[in-house]
Amino acid sequence: MPTQVRIFTTPRSLDETLAVQLSAEATPRSLPDQYPALPKPTISRTIKARQYSMSAYEDDKPKKGGVTFAHQDKLPKLPIPDLEASCERYLAALKPLQSAREHSDTKQAVQEFLNGEGPELNEKLKRYAEGKTSYIEQFWYDSYLNFDNPVVLNLNPFFLLEDDPTPARNNQVTRAASLVVSALEFVRAVRKEELPPDTVKGVPLDMYQYSRLFGTARVPTEAGCQIEQDPDSKHIIVMCHGQFYYFDVLDDNSDLIMTEKDIAINLQTIIDDATQTPIQEAAKGALGVLSTENRKVWSGLRDVLTREPGSNNADCLSIVDTALFVVCLDYTEPANAAALCQNMLCGTSEIEKGVQIGTCTNRWYDKLQIIVCKNGSAGINFEHTGVDGHTVLRFASDLYTDTILRFARTINGLAPTLWASTSPDPSKRDPESFGDVNTTPHKLEWDMIPELRIAVRFAETRLADLIQQNEFQCLDFGAYGKNFITAMGFSPDAFVQMAFQAAYYGLYGRVECTYEPAMTKMYLHGRTEAIRTVSDESVNFVQTFWADNPAEQKVEALRKACQRHVDNTRNCAKAQGCDRHLYALFCLWQRLVDNDHHSNGSSGASSNGYSSPSIEGNYSPVGSPVLSSPLSADGGEPNLNGSPNGNARIAVSRQRGDSNATSSSRSANGNGNGHQLPLIFADSGWDKLNTTILSTSNCGNPSLRQFGFGPVSGDGFGIGYIIKDEGISICASSRHRQTKRFVDTLESYLLEIRRILRITAGKNGGVGAVMGSTKLSRAREIDADHPKNVHGNKTQHRPKLRGRQITGNEVIKSQRSFAGSMSPTEESMTMSEDDELGGYGFFDAGMLLQALKARGENLDNSETKPSERAAVQARRRDVGKKLRLIDY
C-alpha cells in the first residue's frame with residue numbers, strides 16, 4: 001500500500017487572507033488510497049507567509065479581553081540617546097582597551113564627528129524614526145537576515161532544561177510528550193492572548209516577540225534570508241535518526257486535539273519506524289544538515305528541492321517550514337554536562353565506517369527545536385532573529401513548570417494550573433468537532449535526486465568540521481550563589497562579570513573587549529543594549545586582585561568595579577548605551593549612500609534589496625547583532641568586500657554582542673563617489689569595540705541547568721551563565737582556546753574571593769557576615785543578639801547547659817580525616833582558610849602564610865598542651881558555648 005501523504009496547501013499572505021476566505025473544501029489535506037493521482041499543487045519558491053518588517057501587525061494589537069498585548073499601545077518608543085552622551089559613553093568604553101595614543105586618536109575622531117556630520121546624521125535618524133516602531137528595528141532585522149554564514153554555532157543559542165523532578169518520567173517518550181503538551185498549551189495561551197504579560201517590578205514589558213515564536217522559519221533566498229510565518233499552523237515536525245515525521249496537534253480554535261498519552265503513542269510509533277532504517281542509511285538522506293549550510297548555498301539547494309517536476313519535495317519543505325516547532329528525538333545519552341550542552345547547541349559528530357551517525361544530522365536549525373535525548377535530558381535550540389533569550393526563557397520556564405503541575409493534577413485534581421483556560425479534554429470531545437485534522441504520524445519521503453545526495457554529503461562534512469573546531473566546558477559551581485553574593489553586599493551579575501575579568505587577566509595578563517546584553521523590552525519592540533563590562537574600575541580591580549595587596553584593598557576595588565557595572569547596566573536598560581545608537585547612525589549613513597547610488601544610476605547597490613550593510617558574522621545569544629567569524633563558511637578568508645560599493649571595502653562584519661559594524665580597510669576618499677565615511681567609523685576604536693573576545697550573557701532560572709552559545713571569534717570565548725540561589729552554572733565555549741583551563745581558573749577565583757570576603761567580613765564581626773550564604777532564621781537572629789531570654793523588665797537566666805564544646809574546626813578535621821582527596825569546591829565547603837588559586841602562588845603571600853599557620857594550629861592531630869587546656873577552661877565562664885554555624 002502506498003504511503004499516505006498529506007497535501008499541504010501553502011499558507012496565504014496576510015493581504016490574501018483578508019481579501020478572501022477559502023472554504024474548507026478548497027483545502028484538501030489528505031488523499032484516500034483509492035483516489036487517482038492528482039497533480040501536485042503549485043508552490044512558489046518561497047512560502048507565502050508574513051515577513052518581518054518594522055510595521056506593527058494586527059496581532060500586535062490587543063484583542064478585546066486579551067491580556068497578552070494589553071499594554072502594547074501604552075509602551076514608550078525606544079528613545080534615541082543624546083549624541084554627545086553616546087559619544088562620551090563610547091570613549092569611556094574604549095579608554096581601558098586602548099593605549100594613550102590610540103585613545104587620543106579616537107577622541108579626535110569623535111570630536112570631528114560631533115563638529116561635522118554627526119548632528120545632521122542624528123537629526124536624520126530622528127526623522128526616520130518618526131514613522132517607525134523603533135529606530136533600530138529594521139536595521140536589526142537586516143543585520144540578522146543578511147547573515148550568510150551557517151546559523152549553527154554562530155547564531156542559534158540553546159537552553160538545557162533541568163531533569164523532570166519525577167525520575168520515572170525521565171524517559172525519552174514520556175518527557176517529550178509532556179514537553180509537547182506544555183508547549184501547545186503555551187501556543188494556545190499566546191494565540192488566545194491569555195498569557196500574562198512579562199513585568200519587571202510591576203512595569204509591563206513588550207510582548208511582541210511571543211507572536212513570532214511559533215510557526216516561523218528562517219528561509220534563505222538569493223537576496224538574503226527572510227522570516228516567514230504561518231499564523232494558523234496546527235502541526236509539529238518530529239525528527240528521529242534524521243528522518244522527518246509530522247502530525248496535527250491543534251484544531252482551528254488552537255485547542256489541543258490529542259492527550260499526552262496520544263502524543264506519547266505517536267512518538268513511540270515514530271521511533272519504532274525510524275529505527276527500521278539503519279542509521280548509516282538514514283544519514284545519507286538526512287536533509288536537516290542542509291539547514292547548517294552557508295545561507296546562499298542553502299538558498300540554491302532549496303531551489304533544487306522545489307524545481308524538479310513531479311517531485312513532492314516542495315510539499316515536504318512547506319510542511320517543515322510552517323510547522324509550529326520541531327521535536328528532535330535523539331538516540332544518544334550524553335555522559336556529562338559539557339556533552340549535553342554540545343548536543344543541544346550543535347549535535348554530536350560520530351563517524352562509523354565513514355558515515356556520520358551523530359545527532360548533528362537530526363536537526364533543523366531554521367526553526368524552534370525541542371530536543372530530547374534517550375535518557376530524557378531535554379533542551380531548546382532556537383532561531384534567534386525574531387526572539388531574544390528572555391522570551392524563550394519564559395517559554396522554557398512555563399514548559400518546565402507546566403509539566404510539574406500537570407503531573408501534580410494527576411495526584412490532586414485541585415492542583416493549580418498556569419493557564420487562564422485550558423483546552424477541552426480531547427478524550428471527551430466529539431471527533432467531528434476536531435475539524436479537518438490528521439493525528440496519525442506521516443513520514444516525509446523526500447525525492448533524493450543525485451544532486452541532493454551530494455549536497456547532503458558535503459553539508460555534513462562541513463558541519464562535522466565546524467563541530468570539531470569548537471569545544472565546550474561547563475562549571476556547575478555549588479560552593480555559593482546569589483544568597484552569599486548579596487549578603488556580601490554585591491550585585492550578583494556584576495560580581496560574576498568581575499569573575500570573568502579576573503580569570504581572564506589571571507591567565508593572560510590583559511583585559512579584552514567584553515560584551516553583555518541588557519534587555520530593553522520595557523520599550524515598544526525593544527530588544528537589547530550592549531553593556532561594556534571593561535571599565536577603569538574593572539581594570540584597577542583585576543590588577544589589585546592579582547598583586548600582593550591587603551584583602552581590604554582587594555574587596556574595596558571589587559566593590560567599586562561592581563558598582564560601575566551596576567550603573568552601566570541601569571543606563572543600558574533605559575536604552576542609554578552607545579552601541580545601538582551609533583550602529584543606527586552607521587546604517588543610516590550607508591542607506592543614504594545607497595540611495596544616492598540608486599538616484600545616480602549606480603549598480604553598486606546592496607544585493608539584498610536593502611540599503612543596510614551586508615553582514616558576515618555572528619550574533620548575540622540574546623538579541624544583539626554582532627562581528628564576523630574569523631573564517632568564512634568554506635574555511636577560507638572572511639569576505640572583506642561587504643560594502644554597497646566595492647571601492648570603499650567596508651566589511652560590516654559582526655561578532656556576537658557588538659554594535660555591528662567594523663571596517664577592515666577604508667579608503668580615505670570614502671566610496672569614491674563623494675561620500676566619505678565618517679571618521680568615527682573609520683577609526684581603529686570602532687574596530688576595537690566591535691571585536692568581542694569575551695561574549696557573555698546572563699539568562700536563566702531554576703528551570704534551566706545550563707544556557708550557552710558558540711564562540712563569537714577565533715580567539716574569544718562564548719560564556720552563558722545562570723546565577724542560582726546556591727550556585728552558579730556556567731557554559732563556556734571557544735575554538736580550542738584552553739577552555740578547560742579558563743573554567744578551572746574561574747572556579748579557583750570564585751573560591752579565593754570568597755576566602756578574602758570572609759576574612760574582611762570576619763573583621764567587621766557578625767555571624768551573618770561571615771556565613772553570608774546561609775540565611776538566618778528569626779530564631780537564629782535572636783540567638784545571635786540575645787544570649788539570655790528577656791521577659792518584660794525581668795531577665796531569666798537559662799539553666800546551665802552541659803556538654804562538650806564543638807567547634808567548626810573539629811568538624812573540618814573530622815571531615816578531612818575520612819574524605820580523602822576532595823575537589824576544590826568540596827574542599828571549599830569545609831570552610832578551610834587556605835582556598836588559594838590553583839597553580840598560582842603570588843596571590844597574597846602574607847595572608848597565605850597566616851592561613852597555613854592557622855591550619856597547622858587548628859588542624860593538628862597531636863595532643864594539646866596542658867597550658868592550652870587550662871586556657872580553654874579559664875575561658876569557659878558559662879557552661880556550654882554557642883556553636884558556630886558551618887556552610888550547608
# chains A, B, ... in the order shown; residues from 1 in each chain; ligands from 1
>>> closest_atom_pairs(of="segment 181-294 of chain A", to="segment 445-462 of chain A", cutoff="7 Å", atoms="only C-alpha atoms", output="CSV")
residue,atom,partner,partner_atom,distance
A:Lys284,CA,A:Arg453,CA,6.9
A:Gly285,CA,A:Arg453,CA,6.7
A:Ala286,CA,A:Val456,CA,7.0
A:Leu287,CA,A:Val456,CA,6.3
A:Val289,CA,A:Glu460,CA,6.0
A:Leu290,CA,A:Ala459,CA,6.0
A:Glu293,CA,A:Ala459,CA,6.0
>>> write_last_selection(atoms="N, CA and C atoms", output="PDB file, in the first residue's frame")
ATOM      1  N   LYS A 284      22.390   9.188   5.022  1.00  0.00           N
ATOM      2  CA  LYS A 284      22.635   9.609   3.647  1.00  0.00           C
ATOM      3  C   LYS A 284      21.505  10.470   3.103  1.00  0.00           C
ATOM      4  N   GLY A 285      20.343  10.385   3.723  1.00  0.00           N
ATOM      5  CA  GLY A 285      19.204  11.195   3.276  1.00  0.00           C
ATOM      6  C   GLY A 285      18.734  12.172   4.331  1.00  0.00           C
ATOM      7  N   ALA A 286      19.610  12.528   5.284  1.00  0.00           N
ATOM      8  CA  ALA A 286      19.232  13.433   6.381  1.00  0.00           C
ATOM      9  C   ALA A 286      19.303  14.872   5.887  1.00  0.00           C
ATOM     10  N   LEU A 287      18.202  15.357   5.336  1.00  0.00           N
ATOM     11  CA  LEU A 287      18.201  16.682   4.743  1.00  0.00           C
ATOM     12  C   LEU A 287      18.320  17.799   5.772  1.00  0.00           C
ATOM     13  N   VAL A 289      20.721  18.477   7.605  1.00  0.00           N
ATOM     14  CA  VAL A 289      22.053  19.084   7.590  1.00  0.00           C
ATOM     15  C   VAL A 289      22.138  20.220   6.582  1.00  0.00           C
ATOM     16  N   LEU A 290      21.222  20.268   5.638  1.00  0.00           N
ATOM     17  CA  LEU A 290      21.258  21.366   4.675  1.00  0.00           C
ATOM     18  C   LEU A 290      20.993  22.705   5.356  1.00  0.00           C
ATOM     19  N   GLU A 293      24.100  24.777   6.236  1.00  0.00           N
ATOM     20  CA  GLU A 293      24.975  25.277   5.173  1.00  0.00           C
ATOM     21  C   GLU A 293      25.059  26.802   5.190  1.00  0.00           C
TER      22      GLU A 293
END
>>> residues_around(residues="segment 567-571 of chain A", least_positions_apart="3", cutoff="9 Å", atoms="only C-alpha atoms", output="list in words")
Pro517, Ala518, Ala530, Ile531, Arg532, Thr533, Cys562, Gln563, Arg564, Lys574, Ala575, Gln576 and Gly577 of chain A
>>> write_last_selection(atoms="all heavy atoms", output="compact mmCIF listing (two decimals), in the first residue's frame")
# COMPACT_ATOMS: atom_id res chain seq x y z
N PRO A 517 24.57 41.63 27.16
CA PRO A 517 23.36 42.33 26.73
C PRO A 517 22.49 42.75 27.90
O PRO A 517 22.40 42.06 28.92
CB PRO A 517 22.64 41.26 25.89
CG PRO A 517 23.07 39.97 26.50
CD PRO A 517 24.47 40.17 27.01
N ALA A 518 21.86 43.91 27.76
CA ALA A 518 20.86 44.39 28.71
C ALA A 518 19.52 44.46 27.99
O ALA A 518 19.42 44.98 26.88
CB ALA A 518 21.23 45.76 29.26
N ALA A 530 23.97 46.99 24.56
CA ALA A 530 25.25 46.36 24.90
C ALA A 530 25.85 47.00 26.15
O ALA A 530 26.06 48.21 26.19
CB ALA A 530 26.23 46.49 23.73
N ILE A 531 26.09 46.17 27.17
CA ILE A 531 26.83 46.60 28.35
C ILE A 531 28.30 46.32 28.11
O ILE A 531 28.68 45.20 27.79
CB ILE A 531 26.37 45.85 29.61
CG1 ILE A 531 24.85 45.93 29.80
CG2 ILE A 531 27.09 46.37 30.85
CD1 ILE A 531 24.34 45.01 30.89
N ARG A 532 29.12 47.35 28.27
CA ARG A 532 30.57 47.18 28.12
C ARG A 532 31.18 47.00 29.51
O ARG A 532 31.29 47.94 30.28
CB ARG A 532 31.16 48.39 27.39
CG ARG A 532 30.67 48.49 25.94
CD ARG A 532 30.99 47.24 25.15
NE ARG A 532 30.43 47.26 23.80
CZ ARG A 532 30.59 46.28 22.94
NH1 ARG A 532 31.28 45.20 23.29
NH2 ARG A 532 30.07 46.35 21.73
N THR A 533 31.55 45.77 29.81
CA THR A 533 31.98 45.40 31.15
C THR A 533 33.30 46.03 31.55
O THR A 533 33.49 46.42 32.70
CB THR A 533 32.08 43.87 31.25
OG1 THR A 533 30.82 43.29 30.90
CG2 THR A 533 32.46 43.44 32.65
N CYS A 562 32.19 46.66 40.69
CA CYS A 562 30.81 46.16 40.61
C CYS A 562 29.81 47.31 40.56
O CYS A 562 28.82 47.24 39.82
CB CYS A 562 30.51 45.25 41.80
SG CYS A 562 31.31 43.63 41.73
N GLN A 563 30.06 48.36 41.34
CA GLN A 563 29.15 49.50 41.32
C GLN A 563 29.14 50.17 39.96
O GLN A 563 28.09 50.59 39.46
CB GLN A 563 29.54 50.50 42.40
CG GLN A 563 28.55 51.66 42.55
CD GLN A 563 27.13 51.17 42.82
OE1 GLN A 563 26.91 50.37 43.73
NE2 GLN A 563 26.17 51.66 42.06
N ARG A 564 30.31 50.27 39.34
CA ARG A 564 30.37 50.85 38.00
C ARG A 564 29.58 49.99 37.00
O ARG A 564 28.86 50.51 36.15
CB ARG A 564 31.83 50.97 37.56
CG ARG A 564 32.01 51.45 36.12
CD ARG A 564 31.46 52.86 35.89
NE ARG A 564 31.59 53.28 34.51
CZ ARG A 564 32.67 53.87 34.02
NH1 ARG A 564 33.72 54.11 34.81
NH2 ARG A 564 32.73 54.23 32.76
N LYS A 574 17.79 51.39 30.26
CA LYS A 574 16.98 52.55 29.88
C LYS A 574 17.28 52.99 28.46
O LYS A 574 16.91 54.09 28.05
CB LYS A 574 17.24 53.70 30.85
CG LYS A 574 16.84 53.41 32.29
CD LYS A 574 17.24 54.57 33.21
CE LYS A 574 16.90 54.25 34.66
NZ LYS A 574 17.37 55.33 35.57
N ALA A 575 17.96 52.12 27.71
CA ALA A 575 18.33 52.39 26.31
C ALA A 575 19.29 53.56 26.20
O ALA A 575 19.31 54.26 25.18
CB ALA A 575 17.09 52.62 25.45
N GLN A 576 20.10 53.77 27.23
CA GLN A 576 21.05 54.87 27.23
C GLN A 576 22.48 54.34 27.11
O GLN A 576 23.38 54.76 27.83
CB GLN A 576 20.89 55.70 28.50
CG GLN A 576 19.56 56.40 28.62
CD GLN A 576 19.29 57.35 27.46
OE1 GLN A 576 20.12 58.19 27.12
NE2 GLN A 576 18.13 57.21 26.84
N GLY A 577 22.66 53.38 26.19
CA GLY A 577 24.00 52.93 25.87
C GLY A 577 24.51 53.67 24.65
O GLY A 577 23.92 54.66 24.20
>>> residues_around(residues="Gln369 of chain A", least_positions_apart="4", cutoff="7 Å", atoms="only C-alpha atoms", output="list in words")
Phe325, Val326, Val327, Cys328, Ile380, Asn381 and Phe382 of chain A
>>> residues_around(residues="Arg527 of chain A", least_positions_apart="3", cutoff="10 Å", atoms="only C-alpha atoms", output="CSV table (one decimal) with C-alpha atoms, in the first residue's frame")
chain,number,residue,atom,x,y,z
A,78,LEU,CA,12.8,53.2,22.2
A,134,SER,CA,11.7,51.5,16.7
A,136,ILE,CA,16.8,50.3,15.4
A,137,GLU,CA,14.4,47.5,14.5
A,140,TRP,CA,18.5,45.0,13.4
A,206,ASP,CA,6.9,44.3,25.3
A,209,GLN,CA,8.2,38.6,20.2
A,386,GLY,CA,12.9,37.4,15.9
A,387,VAL,CA,13.2,36.4,19.5
A,388,ASP,CA,15.7,37.1,22.4
A,389,GLY,CA,16.8,34.9,25.2
A,390,HIS,CA,14.3,36.5,27.7
A,517,PRO,CA,23.4,42.3,26.7
A,518,ALA,CA,20.9,44.4,28.7
A,519,MET,CA,17.2,43.9,28.0
A,520,THR,CA,15.2,46.9,26.7
A,521,LYS,CA,11.8,45.3,26.5
A,522,MET,CA,10.2,48.0,28.6
A,523,TYR,CA,10.1,49.9,25.3
A,524,LEU,CA,7.9,49.0,22.3
A,575,ALA,CA,18.3,52.4,26.3
A,622,VAL,CA,20.0,37.4,23.5
A,623,GLY,CA,19.4,39.6,20.6
A,624,SER,CA,22.3,41.9,19.9
>>> select_by_dssp(residues="segment 234-382 of chain A", states="alpha helix (DSSP H)", output="PyMOL selection string")
chain A and resi 260-274+279-283+295-307+313-321+337-345
>>> write_last_selection(atoms="N, CA and C atoms", output="compact mmCIF listing (two decimals), in the first residue's frame")
# COMPACT_ATOMS: atom_id res chain seq x y z
N GLU A 260 -1.82 13.70 26.29
CA GLU A 260 -0.40 13.40 26.44
C GLU A 260 -0.12 11.94 26.07
N LYS A 261 -1.05 11.05 26.42
CA LYS A 261 -0.87 9.65 26.08
C LYS A 261 -0.92 9.44 24.58
N ASP A 262 -1.83 10.15 23.89
CA ASP A 262 -1.91 10.03 22.43
C ASP A 262 -0.60 10.47 21.78
N ILE A 263 -0.06 11.58 22.26
CA ILE A 263 1.19 12.07 21.69
C ILE A 263 2.33 11.10 21.97
N ALA A 264 2.34 10.53 23.18
CA ALA A 264 3.38 9.55 23.51
C ALA A 264 3.30 8.34 22.58
N ILE A 265 2.09 7.90 22.27
CA ILE A 265 1.92 6.78 21.34
C ILE A 265 2.48 7.14 19.97
N ASN A 266 2.19 8.36 19.51
CA ASN A 266 2.71 8.81 18.22
C ASN A 266 4.24 8.84 18.22
N LEU A 267 4.81 9.36 19.28
CA LEU A 267 6.27 9.46 19.34
C LEU A 267 6.91 8.09 19.37
N GLN A 268 6.33 7.15 20.12
CA GLN A 268 6.89 5.81 20.15
C GLN A 268 6.74 5.13 18.79
N THR A 269 5.63 5.40 18.12
CA THR A 269 5.44 4.85 16.77
C THR A 269 6.51 5.38 15.82
N ILE A 270 6.81 6.67 15.95
CA ILE A 270 7.83 7.28 15.10
C ILE A 270 9.21 6.68 15.38
N ILE A 271 9.54 6.51 16.64
CA ILE A 271 10.84 5.91 16.99
C ILE A 271 10.95 4.51 16.43
N ASP A 272 9.88 3.72 16.57
CA ASP A 272 9.90 2.34 16.05
C ASP A 272 10.09 2.33 14.54
N ASP A 273 9.44 3.26 13.86
CA ASP A 273 9.56 3.31 12.40
C ASP A 273 10.95 3.78 11.99
N ALA A 274 11.47 4.78 12.69
CA ALA A 274 12.77 5.34 12.31
C ALA A 274 13.89 4.32 12.48
N ILE A 279 20.81 3.42 10.70
CA ILE A 279 21.21 4.82 10.85
C ILE A 279 22.22 5.24 9.80
N GLN A 280 23.06 4.29 9.36
CA GLN A 280 24.02 4.63 8.32
C GLN A 280 23.32 4.97 7.01
N GLU A 281 22.22 4.26 6.75
CA GLU A 281 21.46 4.52 5.52
C GLU A 281 20.64 5.80 5.67
N ALA A 282 20.05 6.00 6.85
CA ALA A 282 19.24 7.19 7.08
C ALA A 282 20.08 8.46 6.97
N ALA A 283 21.33 8.37 7.41
CA ALA A 283 22.18 9.55 7.41
C ALA A 283 22.42 10.08 6.00
N ARG A 295 24.21 30.31 3.95
CA ARG A 295 22.83 30.65 3.60
C ARG A 295 22.61 30.77 2.09
N LYS A 296 23.58 31.25 1.36
CA LYS A 296 23.39 31.34 -0.09
C LYS A 296 23.41 29.95 -0.72
N VAL A 297 24.26 29.08 -0.20
CA VAL A 297 24.26 27.70 -0.68
C VAL A 297 22.94 27.04 -0.37
N TRP A 298 22.45 27.25 0.82
CA TRP A 298 21.16 26.67 1.25
C TRP A 298 20.02 27.20 0.40
N SER A 299 20.10 28.47 0.01
CA SER A 299 19.07 29.04 -0.86
C SER A 299 19.03 28.32 -2.21
N GLY A 300 20.22 28.07 -2.76
CA GLY A 300 20.27 27.34 -4.04
C GLY A 300 19.75 25.92 -3.90
N LEU A 301 20.03 25.28 -2.77
CA LEU A 301 19.56 23.92 -2.56
C LEU A 301 18.04 23.88 -2.39
N ARG A 302 17.47 24.90 -1.80
CA ARG A 302 16.00 24.96 -1.71
C ARG A 302 15.39 25.06 -3.11
N ASP A 303 16.06 25.77 -4.00
CA ASP A 303 15.58 25.82 -5.38
C ASP A 303 15.61 24.42 -6.01
N VAL A 304 16.65 23.66 -5.70
CA VAL A 304 16.74 22.29 -6.21
C VAL A 304 15.59 21.45 -5.66
N LEU A 305 15.27 21.65 -4.39
CA LEU A 305 14.21 20.87 -3.77
C LEU A 305 12.85 21.15 -4.40
N THR A 306 12.65 22.33 -4.92
CA THR A 306 11.31 22.71 -5.39
C THR A 306 11.16 22.76 -6.90
N ARG A 307 12.26 22.64 -7.64
CA ARG A 307 12.15 22.86 -9.09
C ARG A 307 11.89 21.57 -9.86
N ASN A 313 9.03 17.17 -3.06
CA ASN A 313 9.93 17.88 -2.14
C ASN A 313 9.40 19.25 -1.75
N ALA A 314 8.70 19.91 -2.69
CA ALA A 314 8.16 21.24 -2.37
C ALA A 314 7.13 21.14 -1.26
N ASP A 315 6.28 20.10 -1.35
CA ASP A 315 5.27 19.91 -0.30
C ASP A 315 5.94 19.59 1.03
N CYS A 316 6.93 18.72 1.01
CA CYS A 316 7.62 18.34 2.25
C CYS A 316 8.29 19.56 2.88
N LEU A 317 8.95 20.38 2.06
CA LEU A 317 9.63 21.55 2.57
C LEU A 317 8.63 22.54 3.17
N SER A 318 7.50 22.68 2.53
CA SER A 318 6.47 23.59 3.04
C SER A 318 5.93 23.11 4.39
N ILE A 319 5.76 21.81 4.53
CA ILE A 319 5.28 21.25 5.79
C ILE A 319 6.27 21.53 6.92
N VAL A 320 7.55 21.38 6.62
CA VAL A 320 8.57 21.65 7.63
C VAL A 320 8.58 23.13 8.00
N ASP A 321 8.59 23.99 7.01
CA ASP A 321 8.70 25.43 7.25
C ASP A 321 7.54 25.97 8.08
N ALA A 337 27.71 17.16 31.56
CA ALA A 337 27.06 18.42 31.23
C ALA A 337 27.62 19.03 29.96
N ALA A 338 28.94 18.97 29.77
CA ALA A 338 29.54 19.55 28.57
C ALA A 338 29.04 18.85 27.31
N ALA A 339 28.94 17.52 27.36
CA ALA A 339 28.44 16.77 26.21
C ALA A 339 26.97 17.10 25.95
N LEU A 340 26.20 17.28 27.03
CA LEU A 340 24.80 17.67 26.87
C LEU A 340 24.68 19.03 26.21
N CYS A 341 25.50 19.96 26.65
CA CYS A 341 25.45 21.29 26.07
C CYS A 341 25.81 21.26 24.59
N GLN A 342 26.83 20.51 24.25
CA GLN A 342 27.20 20.40 22.84
C GLN A 342 26.06 19.79 22.04
N ASN A 343 25.41 18.77 22.59
CA ASN A 343 24.32 18.13 21.88
C ASN A 343 23.17 19.09 21.62
N MET A 344 22.88 19.97 22.60
CA MET A 344 21.78 20.92 22.43
C MET A 344 22.15 22.06 21.48
N LEU A 345 23.43 22.39 21.41
CA LEU A 345 23.85 23.51 20.58
C LEU A 345 24.09 23.12 19.13
>>> residues_around(residues="Asn253 of chain A", least_positions_apart="4", cutoff="12 Å", atoms="only C-alpha atoms", output="PyMOL selection string")
chain A and resi 187-189+191-192+232-234+249+257+422-424+433-436
>>> write_last_selection(atoms="N, CA and C atoms", output="JSON list (two decimals), in the first residue's frame")
[["chain", "number", "residue", "atom", "x", "y", "z"],
["A", 187, "VAL", "N", 1.33, 27.77, 23.28],
["A", 187, "VAL", "CA", 0.89, 28.29, 21.98],
["A", 187, "VAL", "C", -0.55, 28.79, 22.08],
["A", 188, "ARG", "N", -1.39, 27.96, 22.70],
["A", 188, "ARG", "CA", -2.81, 28.33, 22.84],
["A", 188, "ARG", "C", -2.98, 29.61, 23.64],
["A", 189, "ALA", "N", -2.21, 29.74, 24.73],
["A", 189, "ALA", "CA", -2.32, 30.94, 25.56],
["A", 189, "ALA", "C", -1.89, 32.19, 24.80],
["A", 191, "ARG", "N", -1.98, 32.58, 21.42],
["A", 191, "ARG", "CA", -2.94, 32.86, 20.36],
["A", 191, "ARG", "C", -4.25, 33.42, 20.91],
["A", 192, "LYS", "N", -4.65, 32.98, 22.07],
["A", 192, "LYS", "CA", -5.89, 33.49, 22.68],
["A", 192, "LYS", "C", -5.61, 34.72, 23.54],
["A", 232, "ASP", "N", -1.52, 30.23, 11.36],
["A", 232, "ASP", "CA", -2.56, 29.25, 11.64],
["A", 232, "ASP", "C", -2.03, 27.83, 11.71],
["A", 233, "SER", "N", -0.73, 27.69, 11.87],
["A", 233, "SER", "CA", -0.11, 26.36, 11.89],
["A", 233, "SER", "C", -0.74, 25.47, 12.96],
["A", 234, "LYS", "N", -0.93, 24.18, 12.61],
["A", 234, "LYS", "CA", -1.58, 23.24, 13.53],
["A", 234, "LYS", "C", -0.78, 21.97, 13.74],
["A", 249, "VAL", "N", -1.76, 18.67, 15.80],
["A", 249, "VAL", "CA", -1.88, 18.68, 17.26],
["A", 249, "VAL", "C", -2.90, 19.69, 17.76],
["A", 257, "ILE", "N", -5.91, 18.62, 20.36],
["A", 257, "ILE", "CA", -6.78, 17.54, 19.89],
["A", 257, "ILE", "C", -6.24, 16.18, 20.31],
["A", 422, "THR", "N", -7.97, 26.20, 29.70],
["A", 422, "THR", "CA", -7.30, 25.06, 29.08],
["A", 422, "THR", "C", -8.18, 24.46, 28.00],
["A", 423, "SER", "N", -7.56, 23.68, 27.16],
["A", 423, "SER", "CA", -8.31, 23.02, 26.09],
["A", 423, "SER", "C", -9.29, 22.02, 26.68],
["A", 424, "PRO", "N", -10.44, 21.85, 26.03],
["A", 424, "PRO", "CA", -11.34, 20.77, 26.45],
["A", 424, "PRO", "C", -10.63, 19.43, 26.36],
["A", 433, "SER", "N", -15.83, 17.50, 16.09],
["A", 433, "SER", "CA", -15.51, 18.86, 16.50],
["A", 433, "SER", "C", -14.05, 19.21, 16.20],
["A", 434, "PHE", "N", -13.23, 18.21, 15.88],
["A", 434, "PHE", "CA", -11.82, 18.48, 15.61],
["A", 434, "PHE", "C", -11.61, 19.15, 14.26],
["A", 435, "GLY", "N", -12.56, 19.00, 13.37],
["A", 435, "GLY", "CA", -12.40, 19.56, 12.04],
["A", 435, "GLY", "C", -11.52, 18.70, 11.16],
["A", 436, "ASP", "N", -10.92, 19.34, 10.17],
["A", 436, "ASP", "CA", -10.11, 18.63, 9.18],
["A", 436, "ASP", "C", -8.68, 18.50, 9.71]]
>>> residues_around(residues="Asp366 of chain A", least_positions_apart="2", cutoff="7 Å", atoms="only C-alpha atoms", output="ChimeraX atom specification")
/A:217-218,291,364,383
